[in-house]
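Visitor: Structure file coords_37.txt (compact mmCIF, C-alpha atoms and all ligand atoms) is given on the next line.
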# COMPACT_ATOMS: atom_id res chain seq x y z
CA MET B 275 0.00 0.00 0.00
CA LYS B 276 2.78 2.39 0.98
CA ARG B 277 4.53 1.67 -2.30
CA LEU B 278 1.36 2.33 -4.27
CA ILE B 279 0.91 5.73 -2.64
CA LEU B 280 4.52 6.60 -3.35
CA PHE B 281 3.98 5.60 -6.95
CA LEU B 282 0.98 7.89 -7.30
CA LEU B 283 2.71 10.96 -5.88
CA PRO B 284 4.23 13.30 -8.45
CA LEU B 285 7.98 12.77 -8.78
CA TRP B 286 8.84 16.41 -8.07
CA LEU B 287 7.79 15.96 -4.46
CA PHE B 288 11.12 14.23 -4.03
CA ALA B 289 13.17 16.75 -5.95
CA ASP B 290 15.72 19.09 -4.43
CA ALA B 291 16.57 22.74 -4.92
CA HIS B 292 20.06 24.15 -4.37
CA ILE B 293 21.11 27.35 -2.67
CA PHE B 294 24.62 28.57 -3.29
CA VAL B 295 26.55 30.98 -1.11
CA MET B 296 29.38 33.14 -2.39
CA HIS B 297 31.41 35.94 -0.84
CA ARG B 298 34.07 37.75 -2.86
CA VAL B 299 34.33 38.03 -6.64
CA ASN B 300 37.71 38.44 -8.40
CA ASP B 301 39.43 39.13 -5.09
CA PHE B 302 42.22 36.60 -5.44
CA ARG B 303 43.88 37.66 -2.17
CA TYR B 304 41.33 35.42 -0.41
CA PRO B 305 41.14 32.14 -2.36
CA THR B 306 38.92 30.36 0.19
CA THR B 307 36.08 32.88 -0.11
CA ASN B 308 36.55 34.03 -3.69
CA ILE B 309 35.05 33.05 -7.04
CA SER B 310 36.13 34.52 -10.36
CA SER B 311 33.55 36.38 -12.43
CA LYS B 312 34.60 34.17 -15.33
CA LEU B 313 33.60 30.99 -13.50
CA LEU B 314 30.43 32.66 -12.21
CA GLN B 315 29.42 33.44 -15.80
CA LYS B 316 30.24 29.90 -16.87
CA ASP B 317 28.10 28.52 -14.03
CA ILE B 318 25.15 30.76 -14.87
CA LYS B 319 25.37 29.79 -18.55
CA TYR B 320 25.41 26.13 -17.53
CA LEU B 321 22.32 26.58 -15.34
CA LEU B 322 20.39 28.45 -18.02
CA LYS B 323 21.33 25.97 -20.74
CA ASN B 324 20.16 23.10 -18.55
CA HIS B 325 16.83 24.79 -17.72
CA TYR B 326 17.46 25.53 -14.06
CA LYS B 327 15.26 28.25 -12.62
CA ILE B 328 17.35 30.85 -10.82
CA VAL B 329 15.22 32.74 -8.30
CA LYS B 330 15.51 34.87 -5.17
CA LEU B 331 15.50 33.10 -1.82
CA SER B 332 12.07 34.57 -0.98
CA THR B 333 10.63 33.02 -4.16
CA LEU B 334 11.96 29.59 -3.22
CA VAL B 335 10.71 30.01 0.36
CA ASN B 336 7.20 30.85 -0.89
CA ARG B 337 7.19 27.75 -3.06
CA ILE B 338 8.25 25.62 -0.09
CA ARG B 339 5.52 27.22 2.04
CA HIS B 340 2.91 26.36 -0.59
CA LYS B 341 4.38 22.92 -1.29
CA GLN B 342 4.95 23.78 -4.95
CA ASN B 343 7.48 22.10 -7.19
CA ILE B 344 11.05 23.22 -6.46
CA ASP B 345 12.80 20.83 -8.80
CA LYS B 346 15.66 22.53 -10.65
CA TYR B 347 15.29 25.71 -8.60
CA VAL B 348 18.56 27.45 -7.78
CA VAL B 349 19.27 30.45 -5.55
CA PHE B 350 22.43 32.52 -5.39
CA THR B 351 23.08 34.12 -2.02
CA ILE B 352 25.95 36.48 -1.32
CA ASP B 353 27.26 36.99 2.23
CA ASP B 354 29.14 39.98 3.65
CA SER B 355 28.29 42.69 1.11
CA PHE B 356 31.85 42.95 -0.19
CA LYS B 357 32.74 45.70 -2.63
CA SER B 358 34.24 43.05 -4.90
CA PHE B 359 30.72 41.63 -5.42
CA TYR B 360 29.38 45.07 -6.29
CA LYS B 361 32.23 45.65 -8.73
CA ASN B 362 32.67 42.21 -10.31
CA GLY B 363 29.63 40.09 -9.42
CA LEU B 364 26.65 42.41 -9.76
CA PRO B 365 27.37 43.16 -13.46
CA VAL B 366 27.20 39.42 -14.22
CA PHE B 367 23.80 39.10 -12.55
CA ILE B 368 22.56 42.20 -14.39
CA ILE B 369 23.72 40.96 -17.82
CA TYR B 370 21.99 37.61 -17.44
CA HIS B 371 18.90 39.05 -15.67
CA ILE B 372 19.52 36.74 -12.73
CA PRO B 373 18.19 37.72 -9.28
CA PHE B 374 20.10 37.08 -6.05
CA THR B 375 19.84 37.49 -2.29
CA LEU B 376 22.48 39.64 -0.58
CA PHE B 377 23.10 39.31 3.17
CA VAL B 378 24.47 42.58 4.51
CA TYR B 379 27.20 42.81 7.15
CA THR B 380 25.62 45.96 8.55
CA GLN B 381 28.41 47.37 10.73
CA ALA B 382 30.96 47.13 7.92
CA THR B 383 28.56 48.90 5.58
CA THR B 384 27.47 51.55 8.10
CA GLU B 385 31.00 52.34 9.29
CA LYS B 386 32.44 52.17 5.75
CA TYR B 387 35.05 49.41 6.22
CA GLY B 388 37.37 49.46 3.22
CA ASP B 389 36.38 46.20 1.52
CA TYR B 390 32.65 46.65 1.94
CA MET B 391 29.83 48.32 0.03
CA SER B 392 28.21 51.52 1.16
CA TRP B 393 24.47 51.63 1.91
CA ARG B 394 24.01 53.40 -1.42
CA GLN B 395 25.64 50.47 -3.19
CA VAL B 396 23.59 47.97 -1.17
CA LYS B 397 20.48 49.84 -2.24
CA GLU B 398 21.56 49.59 -5.85
CA CYS B 399 22.00 45.83 -5.46
CA GLN B 400 18.46 45.66 -4.12
CA LYS B 401 17.17 46.84 -7.52
CA TYR B 402 18.38 43.59 -9.07
CA GLY B 403 17.92 41.23 -6.14
CA GLU B 404 16.83 41.31 -2.53
CA LEU B 405 18.42 41.82 0.88
CA GLY B 406 18.85 39.88 4.09
CA VAL B 407 20.66 40.50 7.39
CA HIS B 408 24.14 39.13 8.13
CA SER B 409 24.43 40.48 11.71
CA TRP B 410 25.81 43.80 12.91
CA ALA B 411 29.39 43.01 13.99
CA HIS B 412 29.80 39.61 12.29
CA PRO B 413 30.46 37.86 15.63
CA HIS B 414 30.91 34.18 16.41
CA LEU B 415 27.35 34.07 17.78
CA ALA B 416 27.77 30.87 19.78
CA MET B 417 30.56 32.55 21.77
CA LEU B 418 28.20 35.34 22.90
CA GLY B 419 25.72 35.37 25.75
CA ASN B 420 22.00 35.72 25.00
CA LYS B 421 21.91 39.45 25.70
CA ALA B 422 24.87 40.13 23.40
CA ILE B 423 23.24 38.15 20.58
CA ILE B 424 20.05 40.17 20.95
CA LYS B 425 22.04 43.42 21.05
CA ASP B 426 23.96 42.57 17.87
CA THR B 427 20.74 41.62 16.08
CA THR B 428 18.88 44.74 17.22
CA LYS B 429 21.72 46.94 15.97
CA ALA B 430 21.57 45.27 12.55
CA ILE B 431 17.80 45.76 12.41
CA ASP B 432 18.11 49.42 13.42
CA ALA B 433 20.71 50.02 10.69
CA PHE B 434 18.35 48.59 8.06
CA LYS B 435 15.53 50.79 9.36
CA LYS B 436 17.72 53.88 9.35
CA TYR B 437 19.39 53.47 5.95
CA LEU B 438 16.78 51.57 3.91
CA GLY B 439 13.54 52.06 5.83
CA PHE B 440 12.65 48.39 6.13
CA VAL B 441 13.76 45.18 7.83
CA PRO B 442 14.28 41.98 5.84
CA ASP B 443 12.81 38.71 7.15
CA MET B 444 15.92 36.70 6.20
CA TYR B 445 19.12 36.15 8.17
CA ALA B 446 22.39 34.34 7.45
CA TYR B 447 24.63 33.37 10.37
CA PRO B 448 28.14 34.90 10.34
CA TYR B 449 30.61 32.09 9.52
CA GLY B 450 27.54 29.84 9.25
CA GLU B 451 28.02 29.22 12.98
CA TYR B 452 25.12 28.42 15.30
CA ASN B 453 23.76 26.05 17.86
CA LYS B 454 20.28 25.45 19.28
CA ARG B 455 20.50 28.45 21.63
CA VAL B 456 21.65 30.85 18.89
CA LYS B 457 18.98 29.58 16.52
CA LYS B 458 16.22 30.10 19.07
CA ILE B 459 17.20 33.74 19.62
CA ILE B 460 17.74 34.66 15.96
CA ASN B 461 14.47 32.95 15.04
CA LYS B 462 12.59 35.38 17.30
CA PHE B 463 13.62 38.13 14.87
CA PHE B 464 13.78 36.28 11.56
CA PRO B 465 11.52 33.49 10.24
CA ILE B 466 13.98 32.58 7.49
CA ILE B 467 17.53 31.61 8.50
CA CYS B 468 20.36 30.31 6.33
CA ASN B 469 23.25 28.25 7.60
CA GLN B 470 26.29 27.11 5.65
CA ASN B 471 25.91 23.35 5.93
CA GLU B 472 26.46 21.69 2.60
CA GLY B 473 23.19 20.20 1.45
CA SER B 474 20.19 20.62 -0.82
CA VAL B 475 16.75 21.96 0.01
CA THR B 476 13.51 19.98 -0.12
CA LEU B 477 9.84 20.73 0.60
CA ASN B 478 10.55 19.45 4.13
CA THR B 479 13.43 21.83 4.80
CA PRO B 480 12.72 23.91 7.93
CA LEU B 481 12.77 27.57 6.88
CA ASN B 482 14.76 28.53 9.97
CA ASP B 483 17.58 26.14 9.12
CA ILE B 484 18.29 26.30 5.39
CA ASP B 485 21.41 24.59 4.04
CA ARG B 486 23.62 26.34 1.51
CA ILE B 487 26.46 25.13 -0.68
CA ALA B 488 29.55 27.34 -0.83
CA ILE B 489 30.94 28.15 -4.27
CA THR B 490 34.57 29.19 -4.23
CA GLY B 491 37.76 28.65 -6.21
CA ASP B 492 37.32 26.23 -9.11
CA VAL B 493 34.09 24.69 -7.79
CA ASN B 494 32.28 22.37 -10.19
CA ILE B 495 28.67 23.53 -10.04
CA ALA B 496 27.36 20.55 -12.04
CA LYS B 497 28.75 18.25 -9.36
CA LYS B 498 27.24 20.33 -6.55
CA LEU B 499 23.83 20.18 -8.24
CA LYS B 500 23.92 16.40 -7.85
CA ILE B 501 23.84 16.74 -4.08
CA THR B 502 20.49 15.70 -2.61
CA HIS B 503 19.27 15.14 0.92
CA LEU B 504 19.88 11.76 2.51
CA ASN B 505 17.00 12.41 4.92
CA VAL B 506 18.23 10.59 7.99
CA LYS B 507 15.27 10.19 10.33
CA ASN B 508 15.55 10.76 14.07
CA LEU B 509 19.24 11.67 13.84
CA LYS B 510 20.83 11.74 17.30
CA ILE B 511 24.28 13.07 18.01
CA ILE B 512 25.24 12.29 21.58
CA ARG B 513 28.21 14.18 22.97
CA ASN B 514 29.91 14.32 26.30
CA LYS B 515 31.10 17.90 26.24
CA ASN B 516 33.55 17.83 23.32
CA THR B 517 33.63 14.10 22.70
CA ILE B 518 31.25 12.69 20.12
CA LYS B 519 30.04 9.49 21.74
CA GLU B 520 27.37 8.29 19.38
CA ILE B 521 25.68 9.12 16.09
CA SER B 522 22.49 7.18 15.35
CA GLY B 523 19.44 7.40 13.13
CA TYR B 524 17.21 5.72 10.59
CA VAL B 525 17.95 5.59 6.89
CA ASN B 526 16.86 3.34 4.07
CA LYS B 527 20.37 2.42 2.78
CA PRO B 528 22.55 -0.63 3.36
CA LEU B 529 25.74 1.22 4.24
CA ILE B 530 26.63 4.83 4.91
CA ASN B 531 29.73 6.97 5.24
CA ILE B 532 30.13 9.21 8.27
CA TYR B 533 32.62 12.08 8.46
CA ILE B 534 33.75 14.17 11.39
CA THR B 535 36.21 17.05 10.94
CA LYS B 536 39.75 15.80 11.68
CA MET B 537 38.51 12.23 12.17
CA GLY B 538 37.81 11.64 8.48
CA TRP B 539 35.40 9.19 6.84
CA ARG B 540 34.19 5.90 8.33
CA TRP B 541 31.99 3.20 6.82
CA VAL B 542 28.98 2.43 8.98
CA LYS B 543 26.65 -0.53 8.48
CA VAL B 544 22.90 -0.04 8.55
CA LYS B 545 20.80 -2.86 10.02
CA ASN B 546 17.02 -2.86 9.57
CA GLU B 547 17.28 0.79 8.45
CA PHE B 548 18.99 1.73 11.75
CA PHE B 549 22.61 2.74 12.33
CA ASP B 550 24.44 3.37 15.55
CA PHE B 551 28.01 4.66 15.25
CA LYS B 552 30.16 5.17 18.35
CA PRO B 553 33.19 7.22 17.28
CA ASN B 554 34.24 8.31 20.78
CA PHE B 555 36.06 11.13 19.02
CA THR B 556 37.21 14.30 20.77
CA LEU B 557 36.74 17.42 18.67
CA LYS B 558 39.95 19.11 17.58
CA ARG B 559 38.59 22.33 16.11
CA TYR B 560 36.10 24.97 17.17
CA ARG B 561 33.95 24.39 14.11
CA ASN B 562 33.29 20.78 13.08
CA ARG B 563 31.19 19.12 10.45
CA ILE B 564 29.44 15.81 10.73
CA ILE B 565 28.50 14.53 7.29
CA ILE B 566 26.38 11.45 6.71
CA ARG B 567 26.56 10.29 3.15
CA TYR B 568 25.40 7.72 0.65
CA ASN B 569 26.66 8.45 -2.88
CA ASN B 570 25.48 12.00 -3.66
CA LYS B 571 22.97 12.04 -0.85
CA ILE B 572 24.24 13.92 2.17
CA ASP B 573 23.08 15.36 5.48
CA THR B 574 25.43 17.79 7.18
CA LYS B 575 25.42 19.05 10.76
CA LEU B 576 27.59 21.68 12.39
CA ILE B 577 29.04 20.98 15.83
CA LEU B 578 30.83 23.71 17.77
CA LYS B 579 33.38 22.97 20.45
CA GLU B 580 32.34 24.09 23.90
CA LYS B 581 34.57 25.94 26.33
ZN ZN D 601 30.06 36.52 6.63
Please express the file's structure as structure tokens.
Guide:
Amino acid sequence: MKRLILFLLPLWLFADAHIFVMHRVNDFRYPTTNISSKLLQKDIKYLLKNHYKIVKLSTLVNRIRHKQNIDKYVVFTIDDSFKSFYKNGLPVFIIYHIPFTLFVYTQATTEKYGDYMSWRQVKECQKYGELGVHSWAHPHLAMLGNKAIIKDTTKAIDAFKKYLGFVPDMYAYPYGEYNKRVKKIINKFFPIICNQNEGSVTLNTPLNDIDRIAITGDVNIAKKLKITHLNVKNLKIIRNKNTIKEISGYVNKPLINIYITKMGWRWVKVKNEFFDFKPNFTLKRYRNRIIIRYNNKIDTKLILKEK
């Protein structure tokens, strides 16, 4: 019976959309956060030729809210409001009539930090895309107390009100860093929140925890578009302070690959759709990724080291 129902459902219900995040354009001093305008153009041409629909984040979010088809939908987001995007990225989006979503680092823009756009330039970007908030001071949010997180967020909101006369409903975490506590606070201000966990987006994606795929260097966008959600059910990550004790969950695959930053990949057997991996691994870095993978299907979680 279950199989019959699955058969009758339209195929697109299982399709994935992809949200990319980029930072600098043609700023080769910073290879880990830079993409060349040449590659960006090549990627956009590839997407258009292969009938992908490039939309703003708000368009994709509305489709998810209304459970409409999001197959082959792609969103470009830009974090940090760097001048190099304004100079070298914006013209590409204008030429191809491609919208985008720009997350503004509001203190840098307000206080005119050298590498960053002015509010006038941000406003110009808004003509061709849309805006979101990328904090006030670009802090490591998980390192701040609750009051400090609220203060930073309020300052960002006030800057938007003062310089553009409105407040976006979208937020992207600085450094993509967050935990449950951070998410709860930011969510009080913004219904739509982007992280930077590599993964696709489905109709089941929670709008306050949207995965994005970074595009930098010589990234192969065709390969990134193959990423889909593994959809691990009831995923549990048990930690004893900074030691990952156990990772368990339900997935309909015979064997999976699990990755932890600095531990590397491990094969994990799945029995009766259940897996239970006990790495007993002590985190080495502040920011760590746990990736659960089967071929191109991946689920990614971010784990921050505690003090
Ligand atoms: Zn940033």
Visitor: Per residue of chain B within 10 Å of ligand ZN 601 (chain D), note the shortest atom pair and the distance in Å to one decimal, counting all atoms listed in the file, and order the rows by chain and increasing residue number, as a Markdown table.
Guide:
| residue | atom | partner | partner_atom | distance |
| --- | --- | --- | --- | --- |
| B:Met296 | CA | D:ZN601 | ZN | 9.7 |
| B:His297 | CA | D:ZN601 | ZN | 7.6 |
| B:Thr307 | CA | D:ZN601 | ZN | 9.7 |
| B:Ile352 | CA | D:ZN601 | ZN | 8.9 |
| B:Asp353 | CA | D:ZN601 | ZN | 5.2 |
| B:Asp354 | CA | D:ZN601 | ZN | 4.7 |
| B:Ser355 | CA | D:ZN601 | ZN | 8.5 |
| B:Phe356 | CA | D:ZN601 | ZN | 9.5 |
| B:Phe377 | CA | D:ZN601 | ZN | 8.3 |
| B:Val378 | CA | D:ZN601 | ZN | 8.5 |
| B:Tyr379 | CA | D:ZN601 | ZN | 6.9 |
| B:His408 | CA | D:ZN601 | ZN | 6.6 |
| B:Ser409 | CA | D:ZN601 | ZN | 8.6 |
| B:Ala411 | CA | D:ZN601 | ZN | 9.8 |
| B:His412 | CA | D:ZN601 | ZN | 6.5 |
| B:Pro413 | CA | D:ZN601 | ZN | 9.1 |
| B:Ala446 | CA | D:ZN601 | ZN | 8.0 |
| B:Tyr447 | CA | D:ZN601 | ZN | 7.3 |
| B:Pro448 | CA | D:ZN601 | ZN | 4.5 |
| B:Tyr449 | CA | D:ZN601 | ZN | 5.3 |
| B:Gly450 | CA | D:ZN601 | ZN | 7.6 |
| B:Glu451 | CA | D:ZN601 | ZN | 9.9 |
Visitor: Could you list as a PyMOL selection string every residue that has an atom within 8 Å of (34.4, 17.4, 13.4), using the file's coordinates and counting all atoms listed in the file?
Guide: chain B and resi 533-537+557-559+561-564+577
Visitor: Between B:Val366, B:Val493, B:Ile459, B:Val396, single out the one closest to B:Ala382, counting only C-alpha atoms.
Guide: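 Looking only at the distances to B:Ala382, the closest residue turns out to be B:Val396.
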Visitor: Out of B:Lys435, B:Phe463, B:Ser332, B:Ala416, which residue has the shortest atom-to-atom distance to B:Glu404 when counting only C-alpha atoms?
Guide: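 Using only C-alpha atoms, B:Glu404 sits closest to B:Ser332.
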Visitor: Identify the residues around (34.6, 39.4, -8.5) within a radius of 10 Å, measuring from only C-alpha atoms in the coordinates stated by the file, and give them as an NGL selection string.
Guide: :B and (297-302 or 308-314 or 356-366)
Visitor: Go ahead and write the residues just picked, C-alpha atoms, as a CSV table (one decimal), keeping the file's coordinate frame.
Guide:
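Final output, out25.csv:
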chain,number,residue,atom,x,y,z
B,297,HIS,CA,31.4,35.9,-0.8
B,298,ARG,CA,34.1,37.8,-2.9
B,299,VAL,CA,34.3,38.0,-6.6
B,300,ASN,CA,37.7,38.4,-8.4
B,301,ASP,CA,39.4,39.1,-5.1
B,302,PHE,CA,42.2,36.6,-5.4
B,308,ASN,CA,36.6,34.0,-3.7
B,309,ILE,CA,35.0,33.0,-7.0
B,310,SER,CA,36.1,34.5,-10.4
B,311,SER,CA,33.6,36.4,-12.4
B,312,LYS,CA,34.6,34.2,-15.3
B,313,LEU,CA,33.6,31.0,-13.5
B,314,LEU,CA,30.4,32.7,-12.2
B,356,PHE,CA,31.8,43.0,-0.2
B,357,LYS,CA,32.7,45.7,-2.6
B,358,SER,CA,34.2,43.0,-4.9
B,359,PHE,CA,30.7,41.6,-5.4
B,360,TYR,CA,29.4,45.1,-6.3
B,361,LYS,CA,32.2,45.6,-8.7
B,362,ASN,CA,32.7,42.2,-10.3
B,363,GLY,CA,29.6,40.1,-9.4
B,364,LEU,CA,26.6,42.4,-9.8
B,365,PRO,CA,27.4,43.2,-13.5
B,366,VAL,CA,27.2,39.4,-14.2
Visitor: Mind checking which residues fall within 12 Å of B:Asn324, counting only C-alpha atoms, ignoring those fewer than 4 positions away in the same chain, and posting them as a list in words?
Guide: Asp317, Ile318, Lys319, Tyr320, Ile328, Lys346, Tyr347, Val348, Ala496 and Leu499 of chain B
Visitor: Near B:Thr476, within 7 Å and counting all atoms listed in the file, which residues show up once chain neighbours fewer than 6 positions away are dropped, as a list in words?
Guide: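 Within the cut-off, the hits are Ala289, Asp290 and Ala291 of chain B.
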Visitor: With all atoms listed in the file as the basis for distance, which of B:Thr556, B:Asp573, B:Gly406, B:Lys498 is at the shortest distance from B:Gly523?
Guide: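 Comparing B:Thr556, B:Asp573, B:Gly406, B:Lys498 against B:Gly523, the winner is B:Asp573.
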Visitor: List as a compact mmCIF listing (two decimals) with C-alpha atoms, in the coordinates of the input the protein and nucleic acid residues near B:Val456, meaning an atom at most 8 Å away when all atoms listed in the file are counted, but skip any in the same chain fewer than 5 places from it.
Guide:
# COMPACT_ATOMS: atom_id res chain seq x y z
CA LEU B 415 27.35 34.07 17.78
CA ALA B 416 27.77 30.87 19.78
CA ASN B 420 22.00 35.72 25.00
CA ILE B 423 23.24 38.15 20.58
Visitor: Just want the 7 Å neighbourhood of stretch 503-511 of chain B, counted on only C-alpha atoms, with same-chain residues fewer than 5 positions away dropped. Output as a list in words.
Guide: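 Counting only C-alpha atoms, the residues come to Gly473, Ser474, Glu520, Ile521, Ser522, Gly523, Tyr524, Val525, Arg567, Lys571, Ile572 and Asp573 of chain B.
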Visitor: Please produce an output containing C-alpha atoms for each residue in the selection, written as an mmCIF file, in the frame of the given file.
Guide:
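The resulting file, selection-v2.cif, is shown below:
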data_model
loop_
_atom_site.group_PDB
_atom_site.id
_atom_site.type_symbol
_atom_site.label_atom_id
_atom_site.label_comp_id
_atom_site.auth_asym_id
_atom_site.auth_seq_id
_atom_site.Cartn_x
_atom_site.Cartn_y
_atom_site.Cartn_z
ATOM 1 C CA GLY B 473 23.190 20.200 1.450
ATOM 2 C CA SER B 474 20.190 20.620 -0.820
ATOM 3 C CA GLU B 520 27.370 8.290 19.380
ATOM 4 C CA ILE B 521 25.680 9.120 16.090
ATOM 5 C CA SER B 522 22.490 7.180 15.350
ATOM 6 C CA GLY B 523 19.440 7.400 13.130
ATOM 7 C CA TYR B 524 17.210 5.720 10.590
ATOM 8 C CA VAL B 525 17.950 5.590 6.890
ATOM 9 C CA ARG B 567 26.560 10.290 3.150
ATOM 10 C CA LYS B 571 22.970 12.040 -0.850
ATOM 11 C CA ILE B 572 24.240 13.920 2.170
ATOM 12 C CA ASP B 573 23.080 15.360 5.480
#
Visitor: For B:Ala430, which of B:Tyr445, B:Trp541, B:Phe464, B:Trp410 is the closest residue, counting only C-alpha atoms?
Guide: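 That would be B:Trp410, the residue with the smallest distance to B:Ala430.
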